[in-house]
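In what follows, a single structure is set out as structure tokens and then discussed.
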Amino acid sequence: MDWLERTAKLRQWTRSGTRAPHKPLLFLYALGRFQQDADGELRYSTVENDLRQLLAEYGPANRTTPAYPFHHLVSDGVWEVRTDRGPGSPGSGVKELRAVGAAGRLAPELQAALRREPSLLGRMARVLLDLNFPPSLHGELCEAVGLELEAAETEQLPTARKRRDPRMREQVLTAYEYRCAFCGYDGRIGAVPVGLEAAHVRWWAFDGPDDVDNGLCLCSLHHKLFDKGVLGIGDEHHILVSQRFVGHSPAAREHVTALAGRPLIGPQPGARPVAAAYRSWHTFQVFHGSPRPAAAA
């Protein structure tokens with residue numbers, strides 16, 4: 001049985017670029033807990049709050065109950081659920097899972113494979129990360145679920161559908177003249193840009209191409225906030241700031257809330273701006289809540 005292939009196929013039930021990371025998040029959480037305690041199980045009533053927080057932070061705005069992946073991951077052959085009554089899940093109802101003491105764990109065959117080949121866990125985690133989340137979130141997601149990956153496990157695996165185009169970063173940074181499209185930051189050490197990154201608008205994990213019109217030059221801070229759904233791009237290429245963002249310090253106001261309604265900086269004449277289809281995908285699949293009104297001048 002090819003566990004990497006089975007892991008990669010968790011996303012096959014999504015359609016038209018819609019984000020549905022519920023199963024991958026539970027699977028990552030289960031791998032992290034297995035790494036810490038290979039003999040433990042995850043009682044739903046105990047881990048429910050952890051899973052709800054993961055869905056709120058890393059899922060789309062139309063998030064669902066953690067009971068949904070807890071029950072449905074069984075169908076992928078990597079997870080099993082038992083209750084006080086015996087084997088089998090009672091369904092995806094929150095009350096039922098709590099009432100019968102539902103507990104999940106990795107499927108016995110998978111546990112055995114992970115014990116025989118410890119490096120398999122890291123490679124499976126990498127598949128889940130690469131196929132469902134942008135690189136800017138991988139490190140903090142691993143921390144959130146308690147996963148520790150070795151350096152060799154961070155390399156792109158052959159199970160990925162495609163290879164990233166290494167030329168994209170230079171093309172995007174050139175198009176935006178080495179300035180953050182949100183704040184204008186343009187730091188360098190000598191002639192080398194520092195703290196500037198090429199961000200995908202429609203995530204590469206969801207078929208976003210390595211093209212200039214699907215990219216933005218962003219500083220590290222605004223790249224992370226863009227991928228977390230705090231920032232977005234409106235129809236007129238103005239910056240969106242989520243109403244859900246809370247920051248009272250002068251730094252938070254200056255670097256985030258004050259951006260609301262400002263036009264993007266760049267790209268330079270002749271370079272393609274972000275395409276409407278990619279802006280729309282980000283707005284509906286990543287951006288959280290409603291945008292703030294434009295900041296006062």
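Ordering of the structure tokens sets the chain letters (A, B, ...), residue numbers begin anew at 1 in every chain, and ligands are numbered from 1 in the order given.
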
Residues within 7 Å of Gln285 of chain A, only C-alpha atoms, excluding chain neighbours under 4 positions, as number ranges by chain: A: 18-19, 60, 281

Based on the selection just made, write C-alpha atoms of those residues as an mmCIF file, in the first residue's frame.
data_model
loop_
_atom_site.group_PDB
_atom_site.id
_atom_site.type_symbol
_atom_site.label_atom_id
_atom_site.label_comp_id
_atom_site.auth_asym_id
_atom_site.auth_seq_id
_atom_site.Cartn_x
_atom_site.Cartn_y
_atom_site.Cartn_z
ATOM 1 C CA THR A 18 -12.622 25.283 -3.277
ATOM 2 C CA ARG A 19 -10.575 24.965 -0.114
ATOM 3 C CA PRO A 60 -11.673 29.066 4.826
ATOM 4 C CA TRP A 281 -10.242 33.049 -5.645
#

Name the residues of segment 65-187 of chain A that come out as alpha helix (DSSP H) in a backbone DSSP run; write them as an mmCIF file with C-alpha atoms, in the first residue's frame.
data_model
loop_
_atom_site.group_PDB
_atom_site.id
_atom_site.type_symbol
_atom_site.label_atom_id
_atom_site.label_comp_id
_atom_site.auth_asym_id
_atom_site.auth_seq_id
_atom_site.Cartn_x
_atom_site.Cartn_y
_atom_site.Cartn_z
ATOM 1 C CA ALA A 67 -16.903 16.530 13.966
ATOM 2 C CA TYR A 68 -17.077 16.445 10.164
ATOM 3 C CA PRO A 69 -13.465 15.373 9.463
ATOM 4 C CA PHE A 70 -13.360 13.262 12.645
ATOM 5 C CA HIS A 71 -16.051 11.030 11.136
ATOM 6 C CA HIS A 72 -15.333 11.296 7.398
ATOM 7 C CA VAL A 94 -21.156 16.630 17.637
ATOM 8 C CA LYS A 95 -23.538 15.436 20.365
ATOM 9 C CA GLU A 96 -23.293 11.812 19.265
ATOM 10 C CA LEU A 97 -19.482 11.852 19.175
ATOM 11 C CA ARG A 98 -19.360 13.320 22.662
ATOM 12 C CA ALA A 99 -22.092 11.105 24.139
ATOM 13 C CA PRO A 108 -3.545 0.039 12.527
ATOM 14 C CA GLU A 109 -1.924 -0.701 9.145
ATOM 15 C CA LEU A 110 -0.646 2.884 8.963
ATOM 16 C CA GLN A 111 0.637 2.758 12.525
ATOM 17 C CA ALA A 112 2.551 -0.396 11.699
ATOM 18 C CA ALA A 113 4.048 1.222 8.589
ATOM 19 C CA LEU A 114 5.126 4.279 10.589
ATOM 20 C CA ARG A 115 6.822 2.082 13.175
ATOM 21 C CA ARG A 116 8.665 0.120 10.471
ATOM 22 C CA SER A 119 10.766 8.694 8.062
ATOM 23 C CA LEU A 120 7.386 7.968 6.424
ATOM 24 C CA LEU A 121 5.634 10.262 8.911
ATOM 25 C CA GLY A 122 7.598 13.322 7.805
ATOM 26 C CA ARG A 123 7.072 12.552 4.132
ATOM 27 C CA MET A 124 3.329 12.155 4.621
ATOM 28 C CA ALA A 125 3.199 15.440 6.526
ATOM 29 C CA ARG A 126 5.089 17.139 3.698
ATOM 30 C CA VAL A 127 2.555 15.874 1.149
ATOM 31 C CA LEU A 128 -0.307 17.261 3.252
ATOM 32 C CA LEU A 129 1.419 20.618 3.617
ATOM 33 C CA ASP A 130 2.454 20.961 -0.038
ATOM 34 C CA LEU A 131 -0.949 20.030 -1.439
ATOM 35 C CA ASN A 132 -3.087 22.115 0.905
ATOM 36 C CA PRO A 135 4.893 27.565 2.188
ATOM 37 C CA SER A 136 4.557 30.680 4.355
ATOM 38 C CA LEU A 137 2.261 28.719 6.710
ATOM 39 C CA HIS A 138 4.110 25.382 6.845
ATOM 40 C CA GLY A 139 6.364 26.161 9.798
ATOM 41 C CA GLU A 140 3.693 27.559 12.072
ATOM 42 C CA LEU A 141 1.261 24.782 11.109
ATOM 43 C CA CYS A 142 3.802 22.174 12.192
ATOM 44 C CA GLU A 143 4.174 23.987 15.502
ATOM 45 C CA ALA A 144 0.392 24.180 15.902
ATOM 46 C CA VAL A 145 -0.051 20.400 15.520
ATOM 47 C CA MET A 168 8.761 33.200 -10.673
ATOM 48 C CA ARG A 169 10.353 34.969 -7.727
ATOM 49 C CA GLU A 170 12.691 37.057 -9.865
ATOM 50 C CA GLN A 171 9.969 37.821 -12.414
ATOM 51 C CA VAL A 172 7.508 39.007 -9.753
ATOM 52 C CA LEU A 173 10.057 41.050 -7.799
ATOM 53 C CA THR A 174 11.195 42.683 -11.039
ATOM 54 C CA ALA A 175 7.617 43.480 -12.055
#

Polymer residues at most 12 Å from Ala198 of chain A, only C-alpha atoms, same-chain spacing of 6 or more positions, as a VMD selection string: chain A and resid 134 to 136 165 to 181 204 210 to 220 222 to 224 226 to 227

List as an mmCIF file with C-alpha atoms, in the first residue's frame the protein and nucleic acid residues near Leu259 of chain A, meaning an atom at most 8 Å away when only C-alpha atoms are counted, but skip any in the same chain fewer than 2 places from it.
data_model
loop_
_atom_site.group_PDB
_atom_site.id
_atom_site.type_symbol
_atom_site.label_atom_id
_atom_site.label_comp_id
_atom_site.auth_asym_id
_atom_site.auth_seq_id
_atom_site.Cartn_x
_atom_site.Cartn_y
_atom_site.Cartn_z
ATOM 1 C CA PHE A 182 1.211 46.793 0.133
ATOM 2 C CA CYS A 183 3.625 49.021 2.063
ATOM 3 C CA ILE A 239 -5.980 46.657 -0.450
ATOM 4 C CA LEU A 240 -8.573 44.877 1.684
ATOM 5 C CA VAL A 241 -8.107 44.568 5.447
ATOM 6 C CA GLU A 254 0.418 51.677 10.734
ATOM 7 C CA HIS A 255 1.352 48.384 9.118
ATOM 8 C CA VAL A 256 -2.103 46.782 8.809
ATOM 9 C CA THR A 257 -5.315 48.721 9.454
ATOM 10 C CA GLY A 261 -8.473 51.076 0.723
ATOM 11 C CA ARG A 262 -4.982 52.002 -0.457
ATOM 12 C CA ALA A 294 -10.973 52.738 3.618
ATOM 13 C CA ALA A 295 -8.709 54.316 6.198
#

Output as JSON lines one row per residue of segment 76-176 of chain A within 6 Å of segment 33-53 of chain A: the closest atom pair and its distance in Å to one decimal place, counting only C-alpha atoms, sorted by chain and residue number ascending.
{"residue": "A:Arg98", "atom": "CA", "partner": "A:Ser45", "partner_atom": "CA", "distance": 5.6}
{"residue": "A:Ala102", "atom": "CA", "partner": "A:Tyr44", "partner_atom": "CA", "distance": 5.7}
{"residue": "A:Ala103", "atom": "CA", "partner": "A:Arg43", "partner_atom": "CA", "distance": 3.9}
{"residue": "A:Gly104", "atom": "CA", "partner": "A:Leu42", "partner_atom": "CA", "distance": 5.0}
{"residue": "A:Arg105", "atom": "CA", "partner": "A:Glu41", "partner_atom": "CA", "distance": 5.1}

From a DSSP pass on the backbone, collect the residues of segment 3-135 of chain A flagged as strand (DSSP E or B) and hand them back as a list in words.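 Written out, the strand (DSSP E or B) residues of segment 3-135 of chain A are Leu42, Arg43, Trp79, Glu80, Val81, Arg82, Thr83, Gly86, Pro87, Ala103, Gly104, Arg105 and Leu106 of chain A.
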
Would you save the residues from that selection as an mmCIF file, in the first residue's frame, using N, CA and C atoms?
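New file result-v8.cif:
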data_model
loop_
_atom_site.group_PDB
_atom_site.id
_atom_site.type_symbol
_atom_site.label_atom_id
_atom_site.label_comp_id
_atom_site.auth_asym_id
_atom_site.auth_seq_id
_atom_site.Cartn_x
_atom_site.Cartn_y
_atom_site.Cartn_z
ATOM 1 N N LEU A 42 -7.096 9.740 20.253
ATOM 2 C CA LEU A 42 -7.618 11.104 20.331
ATOM 3 C C LEU A 42 -9.110 11.050 20.643
ATOM 4 N N ARG A 43 -9.449 11.251 21.887
ATOM 5 C CA ARG A 43 -10.854 11.271 22.285
ATOM 6 C C ARG A 43 -11.473 12.574 21.787
ATOM 7 N N TRP A 79 -7.570 6.294 9.057
ATOM 8 C CA TRP A 79 -8.094 6.737 10.349
ATOM 9 C C TRP A 79 -9.203 5.784 10.770
ATOM 10 N N GLU A 80 -9.320 5.545 12.057
ATOM 11 C CA GLU A 80 -10.433 4.738 12.551
ATOM 12 C C GLU A 80 -11.007 5.385 13.799
ATOM 13 N N VAL A 81 -12.278 5.111 14.052
ATOM 14 C CA VAL A 81 -12.981 5.667 15.213
ATOM 15 C C VAL A 81 -13.617 4.527 15.990
ATOM 16 N N ARG A 82 -13.471 4.579 17.296
ATOM 17 C CA ARG A 82 -14.128 3.647 18.196
ATOM 18 C C ARG A 82 -14.929 4.440 19.222
ATOM 19 N N THR A 83 -15.948 3.799 19.791
ATOM 20 C CA THR A 83 -16.742 4.426 20.836
ATOM 21 C C THR A 83 -16.824 3.480 22.030
ATOM 22 N N GLY A 86 -18.010 0.153 20.943
ATOM 23 C CA GLY A 86 -17.210 -0.710 20.078
ATOM 24 C C GLY A 86 -16.709 0.027 18.856
ATOM 25 N N PRO A 87 -16.198 -0.718 17.845
ATOM 26 C CA PRO A 87 -15.641 -0.089 16.641
ATOM 27 C C PRO A 87 -16.707 0.632 15.825
ATOM 28 N N ALA A 103 -13.439 8.072 20.006
ATOM 29 C CA ALA A 103 -11.997 8.304 20.009
ATOM 30 C C ALA A 103 -11.427 7.843 18.679
ATOM 31 N N GLY A 104 -10.536 8.643 18.108
ATOM 32 C CA GLY A 104 -9.929 8.298 16.828
ATOM 33 C C GLY A 104 -8.449 8.028 16.962
ATOM 34 N N ARG A 105 -7.923 7.331 15.991
ATOM 35 C CA ARG A 105 -6.477 7.090 15.910
ATOM 36 C C ARG A 105 -6.150 6.695 14.484
ATOM 37 N N LEU A 106 -4.877 6.759 14.146
ATOM 38 C CA LEU A 106 -4.449 6.323 12.830
ATOM 39 C C LEU A 106 -4.772 4.843 12.646
#

For a test of reading the model, state the distance in Å between atom CA of Gly208 of chain A and atom CA of Arg188 of chain A, rounded to one decimal.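 About the pair atom CA of Gly208 of chain A and atom CA of Arg188 of chain A: they are 28.4 Å apart.
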
Pairwise distance for atom CA of Gln268 of chain A and atom CA of Lys228 of chain A, rounded to one decimal in Å: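 According to the coordinates, atom CA of Gln268 of chain A and atom CA of Lys228 of chain A are separated by 26.3 Å.
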
Near Asp235 of chain A, within 9 Å and counting only C-alpha atoms, which residues show up once chain neighbours fewer than 2 positions away are dropped, as a list in words? Ile233, His237, His238, Ala276, Arg279 and Ser280 of chain A

Let's have the selection written as a PDB file, in the first residue's frame, with N, CA, C and O atoms.
ATOM      1  N   ILE A 233      -7.130  41.677  -1.918  1.00  0.00           N
ATOM      2  CA  ILE A 233      -7.097  42.637  -3.020  1.00  0.00           C
ATOM      3  C   ILE A 233      -8.509  42.812  -3.551  1.00  0.00           C
ATOM      4  O   ILE A 233      -9.174  41.831  -3.913  1.00  0.00           O
ATOM      5  N   HIS A 237      -8.058  46.790  -7.449  1.00  0.00           N
ATOM      6  CA  HIS A 237      -6.659  46.652  -7.029  1.00  0.00           C
ATOM      7  C   HIS A 237      -6.339  47.532  -5.823  1.00  0.00           C
ATOM      8  O   HIS A 237      -5.234  48.060  -5.704  1.00  0.00           O
ATOM      9  N   HIS A 238      -7.344  47.658  -4.945  1.00  0.00           N
ATOM     10  CA  HIS A 238      -7.121  48.323  -3.671  1.00  0.00           C
ATOM     11  C   HIS A 238      -6.970  47.255  -2.593  1.00  0.00           C
ATOM     12  O   HIS A 238      -7.468  46.141  -2.717  1.00  0.00           O
ATOM     13  N   ALA A 276      -8.120  39.059 -12.494  1.00  0.00           N
ATOM     14  CA  ALA A 276      -9.367  39.084 -11.728  1.00  0.00           C
ATOM     15  C   ALA A 276      -9.718  37.711 -11.166  1.00  0.00           C
ATOM     16  O   ALA A 276     -10.213  37.593 -10.041  1.00  0.00           O
ATOM     17  N   ARG A 279      -7.636  37.113  -8.025  1.00  0.00           N
ATOM     18  CA  ARG A 279      -8.112  37.970  -6.930  1.00  0.00           C
ATOM     19  C   ARG A 279      -9.394  37.396  -6.340  1.00  0.00           C
ATOM     20  O   ARG A 279      -9.554  37.339  -5.118  1.00  0.00           O
ATOM     21  N   SER A 280     -10.297  36.969  -7.203  1.00  0.00           N
ATOM     22  CA  SER A 280     -11.577  36.437  -6.746  1.00  0.00           C
ATOM     23  C   SER A 280     -11.376  35.165  -5.923  1.00  0.00           C
ATOM     24  O   SER A 280     -12.019  34.982  -4.880  1.00  0.00           O
TER      25      SER A 280
END

Counting only C-alpha atoms, the option among A:Phe27, A:Phe245, A:Phe284, A:Tyr278 closest to Val230 of chain A: A:Phe245

Among the residues A:Ala271, A:Leu73, A:Ala61, A:Leu55, the one that comes closest to Ala30 of chain A [using only C-alpha atoms]: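 Closest residue, counting only C-alpha atoms: A:Leu73.
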